[in-house]
Amino acid sequence: MAREDGAAVNSRDRIVSADNEPDEKQLEAALRPANLDEFVGQKRVRQQLSLVLEASRLRGRSADHVLLSGPPGLGKTTLAMIIAEEMGAPLRISSGPAIQHAGDLAAILSSLTEGEVLFLDEIHRMSRPAEEMLYMAMEDFRVDIVVGKGAGATSIPLDLPPFTLVGATTRAGLLPGPLRDRFGFTGHLEFYSVDELELVLRRSAGLMDLAMTAEGFTEVASRSRGTPRIANRLLRRVRDWALVHGVDRIDARTSSTALDMYEVDARGLDRLDRSVLEALVAKFGGGPVGLSTLAIAVGEETETVETVAEPYLVREGLLGRTPRGRIAMAAAWEHLGLVPPEHAAFRDPGLRAAFGGVPPVAAVADEAADALPLFED
């Protein structure tokens, strides 16, 4: 949303942002599961990770290095903590942006104890010199520290105790191949289903001593964008609304009323998401329209629209990205209570029949882009 002081919206300002807010860390820590049995969702990753950890315990050795990838808010940090708990080892936490020099990494590695788990969040943002030092540390448990400069520089080898590196990234494609190949196990976390989010919410409500109906859980889960972090945040906002209004047992109506007040609609869209769709539909006839033009129409920076609003809208099939610009999909018109225009992609009976009545996003986007006028930047 645009600010009166001219500052662009930050993803952390949104209640449906998957980013972790500083004042929420203590609250989230109380809701985190302590072991794999308590962890909800990600069944395949949990099974594979459980096998890796159990085998390591039976061998009496540190677990293989683990890489966890996926969108924010799905439990990568929680799984890192669980790995340390399951292995009975201490946990050291740092992040890629905090390691800007090889010396920063050397200081961390040299202070590790045997079997310790080192968690590096956003590992893809680590500096290149530190990455190159990490290669040898992961593979040979050794680093070479260069002392001095020029012709008088000497390399001092430093042996490291066996440790387990757990790397987390939201952009696995940015990791260099040599680093990615040194991880013994790679797990990709997927978005949660509504049923899985209900289980997350039930556990959180129990820890918060919150009385809630099954319909109330479903209402919150359906607006949580497939992300446990968002689900827990929305649950706290519903709890606050119920407390202020004297509601003892939260049902679907209470949840809906509370989240409507926070401008989170039935599909999890907030005001920024809806403003993008409304501008695309009302001002540009559904597109295609250039990103810069669309950003100006909603009073936001181009980067804000592209990185904050677009990912979820595209994933939900509400917005399409084509070579000619952004377009509103049929679902966007319907979500706004409007009748979609009779574009070629929407009325082609052959296309609809081939895909069970619902053309795929890519096919609709390409055909609609050819059928609509172009709003250039």
# chains A, B, ... in the order shown; residues from 1 in each chain; ligands from 1
$ select_by_dssp --residues "range 211-278 of chain A" --states "alpha helix (DSSP H)" --output "PyMOL selection string"
chain A and resi 214-222+228-244+252-261+271-278
$ write_last_selection --atoms "N, CA and C atoms" --output "CSV table (one decimal), in the first residue's frame"
chain,number,residue,atom,x,y,z
A,214,ALA,N,-14.3,-26.3,14.8
A,214,ALA,CA,-13.7,-26.8,13.6
A,214,ALA,C,-13.9,-25.9,12.4
A,215,GLU,N,-15.0,-25.2,12.3
A,215,GLU,CA,-15.3,-24.3,11.2
A,215,GLU,C,-14.4,-23.0,11.4
A,216,GLY,N,-14.1,-22.7,12.6
A,216,GLY,CA,-13.3,-21.5,12.8
A,216,GLY,C,-11.8,-21.8,12.3
A,217,PHE,N,-11.3,-23.0,12.6
A,217,PHE,CA,-10.0,-23.4,12.1
A,217,PHE,C,-10.0,-23.4,10.6
A,218,THR,N,-11.0,-23.9,10.0
A,218,THR,CA,-11.1,-24.0,8.5
A,218,THR,C,-11.1,-22.6,7.9
A,219,GLU,N,-11.8,-21.6,8.5
A,219,GLU,CA,-11.9,-20.3,8.0
A,219,GLU,C,-10.5,-19.6,8.0
A,220,VAL,N,-9.8,-19.8,9.1
A,220,VAL,CA,-8.4,-19.2,9.2
A,220,VAL,C,-7.5,-19.9,8.3
A,221,ALA,N,-7.5,-21.2,8.2
A,221,ALA,CA,-6.6,-22.0,7.4
A,221,ALA,C,-6.8,-21.6,5.9
A,222,SER,N,-8.0,-21.4,5.5
A,222,SER,CA,-8.3,-21.1,4.1
A,222,SER,C,-7.8,-19.7,3.6
A,228,PRO,N,2.3,-21.9,7.3
A,228,PRO,CA,2.1,-22.0,8.7
A,228,PRO,C,2.3,-20.7,9.5
A,229,ARG,N,3.4,-20.0,9.1
A,229,ARG,CA,3.7,-18.7,9.8
A,229,ARG,C,2.6,-17.7,9.6
A,230,ILE,N,2.0,-17.6,8.4
A,230,ILE,CA,0.8,-16.7,8.3
A,230,ILE,C,-0.4,-17.2,9.0
A,231,ALA,N,-0.6,-18.5,9.0
A,231,ALA,CA,-1.7,-19.1,9.8
A,231,ALA,C,-1.6,-18.8,11.3
A,232,ASN,N,-0.5,-18.9,11.9
A,232,ASN,CA,-0.3,-18.6,13.3
A,232,ASN,C,-0.5,-17.1,13.5
A,233,ARG,N,0.0,-16.3,12.6
A,233,ARG,CA,-0.2,-14.8,12.8
A,233,ARG,C,-1.7,-14.5,12.7
A,234,LEU,N,-2.4,-15.0,11.7
A,234,LEU,CA,-3.8,-14.7,11.6
A,234,LEU,C,-4.6,-15.3,12.8
A,235,LEU,N,-4.1,-16.4,13.4
A,235,LEU,CA,-4.8,-17.0,14.6
A,235,LEU,C,-4.6,-16.0,15.7
A,236,ARG,N,-3.5,-15.4,15.9
A,236,ARG,CA,-3.3,-14.4,17.0
A,236,ARG,C,-4.1,-13.2,16.8
A,237,ARG,N,-4.3,-12.8,15.5
A,237,ARG,CA,-5.2,-11.6,15.3
A,237,ARG,C,-6.6,-11.9,15.6
A,238,VAL,N,-7.1,-13.1,15.3
A,238,VAL,CA,-8.4,-13.6,15.6
A,238,VAL,C,-8.6,-13.7,17.1
A,239,ARG,N,-7.6,-14.2,17.8
A,239,ARG,CA,-7.6,-14.3,19.2
A,239,ARG,C,-7.8,-12.9,19.9
A,240,ASP,N,-7.0,-11.9,19.3
A,240,ASP,CA,-7.1,-10.6,19.9
A,240,ASP,C,-8.5,-10.0,19.7
A,241,TRP,N,-9.1,-10.2,18.5
A,241,TRP,CA,-10.4,-9.7,18.2
A,241,TRP,C,-11.4,-10.3,19.1
A,242,ALA,N,-11.3,-11.6,19.4
A,242,ALA,CA,-12.2,-12.3,20.2
A,242,ALA,C,-12.1,-11.8,21.7
A,243,LEU,N,-10.9,-11.5,22.1
A,243,LEU,CA,-10.6,-11.1,23.5
A,243,LEU,C,-11.3,-9.7,23.7
A,244,VAL,N,-11.1,-8.8,22.7
A,244,VAL,CA,-11.6,-7.4,22.8
A,244,VAL,C,-13.1,-7.4,22.8
A,252,ALA,N,-16.6,-19.9,12.9
A,252,ALA,CA,-16.3,-19.4,11.5
A,252,ALA,C,-16.7,-17.9,11.4
A,253,ARG,N,-17.8,-17.5,11.9
A,253,ARG,CA,-18.2,-16.1,11.8
A,253,ARG,C,-17.3,-15.2,12.5
A,254,THR,N,-16.9,-15.6,13.7
A,254,THR,CA,-15.9,-14.7,14.4
A,254,THR,C,-14.6,-14.6,13.6
A,255,SER,N,-14.1,-15.7,13.1
A,255,SER,CA,-12.8,-15.7,12.4
A,255,SER,C,-13.0,-14.8,11.1
A,256,SER,N,-14.1,-15.0,10.4
A,256,SER,CA,-14.3,-14.2,9.2
A,256,SER,C,-14.4,-12.7,9.5
A,257,THR,N,-15.1,-12.4,10.5
A,257,THR,CA,-15.3,-10.9,10.9
A,257,THR,C,-14.0,-10.3,11.3
A,258,ALA,N,-13.2,-11.1,12.1
A,258,ALA,CA,-11.9,-10.5,12.5
A,258,ALA,C,-11.0,-10.3,11.3
A,259,LEU,N,-10.9,-11.3,10.4
A,259,LEU,CA,-9.9,-11.2,9.3
A,259,LEU,C,-10.4,-10.2,8.3
A,260,ASP,N,-11.7,-10.1,8.1
A,260,ASP,CA,-12.2,-9.0,7.2
A,260,ASP,C,-11.8,-7.6,7.7
A,261,MET,N,-11.8,-7.5,9.1
A,261,MET,CA,-11.3,-6.2,9.6
A,261,MET,C,-9.9,-5.9,9.3
A,271,ARG,N,-5.1,-6.0,0.9
A,271,ARG,CA,-5.4,-4.8,0.2
A,271,ARG,C,-4.5,-4.6,-1.0
A,272,LEU,N,-3.2,-4.8,-0.9
A,272,LEU,CA,-2.3,-4.7,-2.0
A,272,LEU,C,-2.6,-5.6,-3.1
A,273,ASP,N,-2.9,-6.9,-2.8
A,273,ASP,CA,-3.2,-7.9,-3.8
A,273,ASP,C,-4.5,-7.4,-4.6
A,274,ARG,N,-5.5,-7.0,-3.8
A,274,ARG,CA,-6.7,-6.6,-4.5
A,274,ARG,C,-6.6,-5.4,-5.3
A,275,SER,N,-5.8,-4.4,-4.8
A,275,SER,CA,-5.6,-3.2,-5.6
A,275,SER,C,-4.9,-3.5,-6.9
A,276,VAL,N,-4.0,-4.5,-7.0
A,276,VAL,CA,-3.3,-4.8,-8.2
A,276,VAL,C,-4.3,-5.4,-9.2
A,277,LEU,N,-5.2,-6.4,-8.7
A,277,LEU,CA,-6.2,-7.0,-9.5
A,277,LEU,C,-7.2,-6.0,-10.0
A,278,GLU,N,-7.6,-5.1,-9.1
A,278,GLU,CA,-8.7,-4.1,-9.5
A,278,GLU,C,-8.1,-3.1,-10.5
$ select_by_dssp --residues "range 84-236 of chain A" --states "strand (DSSP E)" --output "ChimeraX atom specification"
/A:91-95,117-121,142-147,154-159,164-169,185-188
$ atom_distance --atom1 "CA of Asp270 in chain A" --atom2 "CA of Leu313 in chain A"
10.9 Å
$ atom_distance --atom1 "CA of His188 in chain A" --atom2 "CA of Ala205 in chain A"
27.2 Å
$ residues_around --residues "range 130-134 of chain A" --least-positions-apart "5" --cutoff "8 Å" --atoms "only C-alpha atoms" --output "PyMOL selection string"
chain A and resi 99-105+143-144+179
$ closest_atom_pairs --of "range 185-219 of chain A" --to "range 164-168 of chain A" --cutoff "10 Å" --atoms "only C-alpha atoms" --output "CSV"
residue,atom,partner,partner_atom,distance
A:Phe185,CA,A:Val166,CA,9.6
A:Thr186,CA,A:Gly167,CA,9.4
A:Gly187,CA,A:Ala168,CA,9.7
A:His188,CA,A:Ala168,CA,9.9
$ write_last_selection --atoms "N, CA, C and O atoms" --output "PDB file, in the first residue's frame"
ATOM      1  N   PHE A 185      21.828 -34.335   1.948  1.00  0.00           N
ATOM      2  CA  PHE A 185      20.371 -34.455   1.828  1.00  0.00           C
ATOM      3  C   PHE A 185      19.795 -33.092   1.476  1.00  0.00           C
ATOM      4  O   PHE A 185      20.141 -32.078   2.084  1.00  0.00           O
ATOM      5  N   THR A 186      18.930 -33.077   0.478  1.00  0.00           N
ATOM      6  CA  THR A 186      18.246 -31.846   0.070  1.00  0.00           C
ATOM      7  C   THR A 186      16.743 -32.063   0.166  1.00  0.00           C
ATOM      8  O   THR A 186      16.203 -33.009  -0.413  1.00  0.00           O
ATOM      9  N   GLY A 187      16.076 -31.197   0.896  1.00  0.00           N
ATOM     10  CA  GLY A 187      14.624 -31.289   1.035  1.00  0.00           C
ATOM     11  C   GLY A 187      13.964 -30.002   0.583  1.00  0.00           C
ATOM     12  O   GLY A 187      14.385 -28.905   0.978  1.00  0.00           O
ATOM     13  N   HIS A 188      12.963 -30.140  -0.280  1.00  0.00           N
ATOM     14  CA  HIS A 188      12.227 -28.964  -0.747  1.00  0.00           C
ATOM     15  C   HIS A 188      10.869 -28.922  -0.063  1.00  0.00           C
ATOM     16  O   HIS A 188      10.091 -29.879  -0.156  1.00  0.00           O
TER      17      HIS A 188
END
$ closest_atom_pairs --of "range 185-208 of chain A" --to "range 73-81 of chain A" --cutoff "9 Å" --atoms "only C-alpha atoms" --output "Markdown table"
| residue | atom | partner | partner_atom | distance |
| --- | --- | --- | --- | --- |
| A:Leu189 | CA | A:Leu74 | CA | 6.7 |
| A:Glu190 | CA | A:Leu74 | CA | 7.5 |
| A:Phe191 | CA | A:Leu74 | CA | 7.0 |
| A:Tyr192 | CA | A:Leu74 | CA | 7.9 |
$ write_last_selection --atoms "all heavy atoms" --output "compact mmCIF listing (two decimals), in the first residue's frame"
# COMPACT_ATOMS: atom_id res chain seq x y z
N LEU A 189 10.58 -27.84 0.62
CA LEU A 189 9.32 -27.70 1.35
C LEU A 189 8.25 -27.10 0.46
O LEU A 189 8.50 -26.09 -0.22
CB LEU A 189 9.52 -26.84 2.60
CG LEU A 189 10.07 -27.54 3.85
CD1 LEU A 189 11.43 -28.16 3.59
CD2 LEU A 189 10.16 -26.57 5.02
N GLU A 190 7.08 -27.72 0.45
CA GLU A 190 5.96 -27.28 -0.37
C GLU A 190 4.96 -26.50 0.48
O GLU A 190 4.94 -26.62 1.72
CB GLU A 190 5.25 -28.48 -1.00
CG GLU A 190 6.17 -29.39 -1.81
CD GLU A 190 6.54 -28.79 -3.16
OE1 GLU A 190 5.96 -27.74 -3.51
OE2 GLU A 190 7.41 -29.36 -3.84
N PHE A 191 4.10 -25.73 -0.19
CA PHE A 191 3.03 -25.05 0.51
C PHE A 191 2.07 -26.07 1.12
O PHE A 191 1.89 -27.16 0.60
CB PHE A 191 2.26 -24.12 -0.44
CG PHE A 191 3.02 -22.87 -0.79
CD1 PHE A 191 3.64 -22.74 -2.02
CD2 PHE A 191 3.11 -21.82 0.11
CE1 PHE A 191 4.34 -21.58 -2.35
CE2 PHE A 191 3.81 -20.66 -0.21
CZ PHE A 191 4.42 -20.55 -1.43
N TYR A 192 1.46 -25.69 2.22
CA TYR A 192 0.57 -26.59 2.96
C TYR A 192 -0.85 -26.57 2.39
O TYR A 192 -1.30 -25.56 1.85
CB TYR A 192 0.51 -26.17 4.43
CG TYR A 192 1.70 -26.56 5.26
CD1 TYR A 192 2.99 -26.15 4.91
CD2 TYR A 192 1.56 -27.32 6.40
CE1 TYR A 192 4.09 -26.50 5.67
CE2 TYR A 192 2.66 -27.67 7.19
CZ TYR A 192 3.92 -27.25 6.81
OH TYR A 192 5.00 -27.60 7.57
$ residues_around --residues "Leu174 in chain A" --least-positions-apart "2" --cutoff "9 Å" --atoms "only C-alpha atoms" --output "PDB file with C-alpha atoms, in the first residue's frame"
ATOM      1  CA  HIS A 124      22.593 -18.219  -1.039  1.00  0.00           C
ATOM      2  CA  ARG A 125      23.401 -14.655   0.111  1.00  0.00           C
ATOM      3  CA  THR A 169      17.360 -20.931   1.129  1.00  0.00           C
ATOM      4  CA  ARG A 171      16.153 -19.437  -3.892  1.00  0.00           C
ATOM      5  CA  ALA A 172      17.949 -22.718  -4.415  1.00  0.00           C
ATOM      6  CA  PRO A 176      26.490 -22.507  -6.956  1.00  0.00           C
TER       7      PRO A 176
END
$ closest_residue --among "A:Ala34, A:Val45, A:Met87, A:Ile93" --to "Leu58 in chain A" --atoms "only C-alpha atoms"
A:Met87
$ atom_distance --atom1 "CA of Glu114 in chain A" --atom2 "CA of Val146 in chain A"
23.8 Å
$ residues_around --residues "Ala295 in chain A" --least-positions-apart "5" --cutoff "10 Å" --atoms "only C-alpha atoms" --output "list in words"
Val276, Ala279, Gly290, Glu300, Glu301, Thr302, Glu303, Thr304, Val305 and Glu306 of chain A
$ closest_residue --among "A:Ile108, A:Gln48, A:Gly286, A:Asp248" --to "Asp209 in chain A" --atoms "only C-alpha atoms"
A:Asp248
